[in-house]
Amino acid sequence: MSALRAGLIGCGAIGSRYDEGRSTDSPRANAPLYTHAGMLSALPEFELVAIAEPDQQRRAACRTAWGVPTAYAGHREMLARERLDVLCLATPDETHAALLADILELARPCAIFTEKPLAATASEARALGLRCEAAGVALLVDHVRRCDSNHLALRDFLSGSGLGPLRTVVGHYVRGIRHNGCQLVNLLRFFVGEPLCVQAFGLAQGSVADDPSLDLRLVFADGCTALVAAQDRAGYAYSLFETEFYGDRGRLRLDATGRDISLELAEPYAEFPGFTRLAQAPSPWPKETYGAAMLRAGRELARAASGQPLELALGWREAARDLEIIEAALASALAGGAEIAIPAPQGL
């Protein structure tokens with residue numbers, strides 16, 4: 001079977017730059033990779049034949065790093081000239097909807113893999129998703145933690161008897177409730193399930209224009225509560241994306257954007273009889289698997305482009321659902337912190 005002809009729109013950090021300095025001495029498919037260009041170049045399922053990027057310096061760096069045959073300053077010219085089976089979209093948040101519309105108008109690839117958030121609003125995301133379905137185009141969104149083997153194993157651990165019943169989840173994020181908050185909302189749904197209601201505490205602008213950073217409380221069907229803290233409400237200081245899970249048997253922590261895992265289990269408190277404490281337990285999970293998650297996402301993209309069913313939940317409906325929850329959180333903030341019920345999901 002011949003490789004799928006792939007194009008990339010956007011050669012910035014997540015599009016290409018994070019991986020450009022990596023050594024090419026060893027096979028790239030065995031090295032940690034975090035970008036669309038790196039994934040498309042590493043997997044034999046794809047041939048990266050064209051890129052589009054308005055910044056001349058970025059365009060040249062990406063083309064050189066990955067040996068791309070053709071580079072365009074404008075995406076419309078690339079879409080009109082190239083025959084592409086697969087397209088990756090790695091551009092600023094506010095451009096996603098218009099670019100997806102252009103792709104559907106000019107190219108009609110078999111599959112599209114776009115950065116999150118899918119669109120500015122849930123209704124816009126649903127409309128784009130339905131247009132793609134009507135055109136026979138699979139639309140996937142880069143919620144890459146759903147492709148990480150450690151995260152998948154942790155979900156099984158939490159849904160089993162690993163920590164006992166979950167009581168509380170604490171999450172930290174920066175840089176906007178839509179931009180990075182959607183990733184945390186998506187991850188909470190992945191681990192815990194669908195929230196019933198949301199409450200926001202205050203309405204701070206944060207560090208991203210037109211995308212406020214909110215502190216939230218989410219309540220789930222089994223009584224578990226998630227507390228979400230935006231660490232850039234007063235401005236960006238450092239990157240942070242972490243989660244802690246508290247159950248009757250102990251605590252699980254995902255640090256360093258989910259790369260580091262620590263497990264603590266309850267044990268008798270020797271100094272204070274009748275009480276228990278948390279004590280460090282051996283971690284059964286590998287130290288680092290996140291660098292292979294993008295490759296797994298790429299294999300899902302190839303599967304979608306070939307008309308095969310997905311093994312992981314990366315479809316557009318998941319991304320639209322995240323935006324529904326975020327819009328309920330924004331409504332709560334505007335209502336002075338009122339608790340807002342979240343309608344049950346449709347069609348997931």
# chains A, B, ... in the order shown; residues from 1 in each chain; ligands from 1
>>> residues_around(residues="Gln56 of chain A", least_positions_apart="3", cutoff="12 Å", atoms="only C-alpha atoms", output="compact mmCIF listing (two decimals) with C-alpha atoms, in the first residue's frame")
# COMPACT_ATOMS: atom_id res chain seq x y z
CA GLY A 10 1.30 25.88 10.14
CA CYS A 11 5.02 25.33 10.86
CA GLY A 12 5.25 26.93 14.28
CA ILE A 51 3.69 22.61 3.83
CA ALA A 52 2.06 26.04 4.04
CA GLU A 53 3.36 28.77 6.35
CA ARG A 59 8.67 27.84 6.32
CA ALA A 60 12.31 27.39 5.34
CA ALA A 61 13.30 25.83 8.66
CA CYS A 62 10.48 23.28 8.50
CA ARG A 63 11.17 22.41 4.88
CA ALA A 71 6.52 24.80 0.49
CA TYR A 72 3.86 27.49 0.09
CA ALA A 73 3.41 30.89 1.70
CA GLY A 74 -0.38 30.56 1.46
>>> residues_around(residues="Gly247 of chain A", least_positions_apart="5", cutoff="9 Å", atoms="only C-alpha atoms", output="list in words")
Leu158, Gly162, Leu163, Gly164, Pro165, Leu166, Arg167, Thr168, Val169 and Leu252 of chain A
>>> select_by_dssp(residues="segment 79-217 of chain A", states="strand (DSSP E)", output="PDB file with C-alpha atoms, in the first residue's frame")
ATOM      1  CA  VAL A  86      -4.318  13.879   4.774  1.00  0.00           C
ATOM      2  CA  LEU A  87      -3.996  17.396   6.181  1.00  0.00           C
ATOM      3  CA  CYS A  88      -2.644  18.516   9.543  1.00  0.00           C
ATOM      4  CA  LEU A  89      -3.658  21.913  10.889  1.00  0.00           C
ATOM      5  CA  ALA A 111      -8.840  12.948   6.905  1.00  0.00           C
ATOM      6  CA  ILE A 112      -7.891  16.112   8.815  1.00  0.00           C
ATOM      7  CA  PHE A 113      -5.943  16.271  12.079  1.00  0.00           C
ATOM      8  CA  THR A 114      -6.289  19.662  13.766  1.00  0.00           C
ATOM      9  CA  ALA A 138     -12.730  12.237   8.931  1.00  0.00           C
ATOM     10  CA  LEU A 139     -12.019  15.068  11.400  1.00  0.00           C
ATOM     11  CA  LEU A 140      -9.709  14.323  14.343  1.00  0.00           C
ATOM     12  CA  VAL A 141      -8.527  16.690  17.089  1.00  0.00           C
ATOM     13  CA  LEU A 166     -12.698   8.715  43.435  1.00  0.00           C
ATOM     14  CA  ARG A 167     -13.566  11.634  45.715  1.00  0.00           C
ATOM     15  CA  THR A 168     -11.706  14.654  44.334  1.00  0.00           C
ATOM     16  CA  VAL A 169      -9.615  15.603  41.314  1.00  0.00           C
ATOM     17  CA  VAL A 170      -7.467  18.745  41.328  1.00  0.00           C
ATOM     18  CA  GLY A 171      -6.238  20.157  38.020  1.00  0.00           C
ATOM     19  CA  HIS A 172      -3.919  23.055  37.174  1.00  0.00           C
ATOM     20  CA  TYR A 173      -3.557  24.816  33.827  1.00  0.00           C
ATOM     21  CA  PRO A 195     -19.778  16.309  34.433  1.00  0.00           C
ATOM     22  CA  LEU A 196     -23.291  17.138  35.570  1.00  0.00           C
ATOM     23  CA  CYS A 197     -22.719  20.790  36.446  1.00  0.00           C
ATOM     24  CA  VAL A 198     -20.032  23.460  36.624  1.00  0.00           C
ATOM     25  CA  GLN A 199     -19.367  26.506  38.767  1.00  0.00           C
ATOM     26  CA  ALA A 200     -16.833  29.225  38.008  1.00  0.00           C
ATOM     27  CA  PHE A 201     -15.100  31.400  40.595  1.00  0.00           C
ATOM     28  CA  GLY A 202     -14.435  34.859  39.221  1.00  0.00           C
ATOM     29  CA  LEU A 203     -13.685  36.003  35.685  1.00  0.00           C
ATOM     30  CA  ALA A 204      -9.997  36.867  35.257  1.00  0.00           C
ATOM     31  CA  SER A 213      -8.575  31.862  32.706  1.00  0.00           C
ATOM     32  CA  LEU A 214     -11.204  30.456  35.078  1.00  0.00           C
ATOM     33  CA  ASP A 215     -11.110  28.565  38.354  1.00  0.00           C
ATOM     34  CA  LEU A 216     -13.802  25.881  38.221  1.00  0.00           C
ATOM     35  CA  ARG A 217     -15.673  23.281  40.217  1.00  0.00           C
TER      36      ARG A 217
END
>>> select_by_dssp(residues="segment 35-114 of chain A", states="helix (DSSP H, G or I)", output="PyMOL selection string")
chain A and resi 36-42+56-66+75-81+93-106
>>> write_last_selection(atoms="C-alpha atoms", output="mmCIF file, in the first residue's frame")
data_model
loop_
_atom_site.group_PDB
_atom_site.id
_atom_site.type_symbol
_atom_site.label_atom_id
_atom_site.label_comp_id
_atom_site.auth_asym_id
_atom_site.auth_seq_id
_atom_site.Cartn_x
_atom_site.Cartn_y
_atom_site.Cartn_z
ATOM 1 C CA HIS A 36 2.794 17.259 13.347
ATOM 2 C CA ALA A 37 5.751 17.459 10.969
ATOM 3 C CA GLY A 38 7.750 15.042 13.115
ATOM 4 C CA MET A 39 4.901 12.554 13.207
ATOM 5 C CA LEU A 40 4.186 12.764 9.462
ATOM 6 C CA SER A 41 7.890 12.308 8.666
ATOM 7 C CA ALA A 42 8.465 9.434 11.089
ATOM 8 C CA GLN A 56 9.316 32.747 5.453
ATOM 9 C CA GLN A 57 11.864 31.841 8.131
ATOM 10 C CA ARG A 58 9.613 29.229 9.720
ATOM 11 C CA ARG A 59 8.666 27.842 6.317
ATOM 12 C CA ALA A 60 12.307 27.395 5.338
ATOM 13 C CA ALA A 61 13.296 25.826 8.659
ATOM 14 C CA CYS A 62 10.483 23.281 8.502
ATOM 15 C CA ARG A 63 11.171 22.406 4.879
ATOM 16 C CA THR A 64 14.870 21.864 5.570
ATOM 17 C CA ALA A 65 14.338 19.869 8.785
ATOM 18 C CA TRP A 66 11.999 17.340 7.213
ATOM 19 C CA HIS A 75 -2.534 27.562 2.361
ATOM 20 C CA ARG A 76 -5.091 28.178 -0.405
ATOM 21 C CA GLU A 77 -2.445 27.818 -3.095
ATOM 22 C CA MET A 78 -1.268 24.565 -1.551
ATOM 23 C CA LEU A 79 -4.798 23.213 -1.297
ATOM 24 C CA ALA A 80 -5.533 24.124 -4.923
ATOM 25 C CA ARG A 81 -2.315 22.674 -6.342
ATOM 26 C CA ASP A 93 -6.749 28.903 17.727
ATOM 27 C CA GLU A 94 -8.738 31.668 16.070
ATOM 28 C CA THR A 95 -7.832 30.450 12.553
ATOM 29 C CA HIS A 96 -9.060 26.853 12.853
ATOM 30 C CA ALA A 97 -12.652 27.289 11.700
ATOM 31 C CA ALA A 98 -11.851 29.374 8.606
ATOM 32 C CA LEU A 99 -9.004 27.058 7.582
ATOM 33 C CA LEU A 100 -11.177 23.969 7.961
ATOM 34 C CA ALA A 101 -13.789 25.641 5.765
ATOM 35 C CA ASP A 102 -11.112 26.345 3.132
ATOM 36 C CA ILE A 103 -9.924 22.732 3.263
ATOM 37 C CA LEU A 104 -13.445 21.451 2.653
ATOM 38 C CA GLU A 105 -13.890 23.906 -0.225
ATOM 39 C CA LEU A 106 -10.574 23.324 -2.005
#
>>> atom_distance(atom1="atom CA of Arg175 of chain A", atom2="atom CA of Gly235 of chain A")
8.8 Å
>>> closest_residue(among="A:Ser159, A:Ala328, A:Val192, A:Leu348", to="Thr121 of chain A", atoms="only C-alpha atoms")
A:Ala328
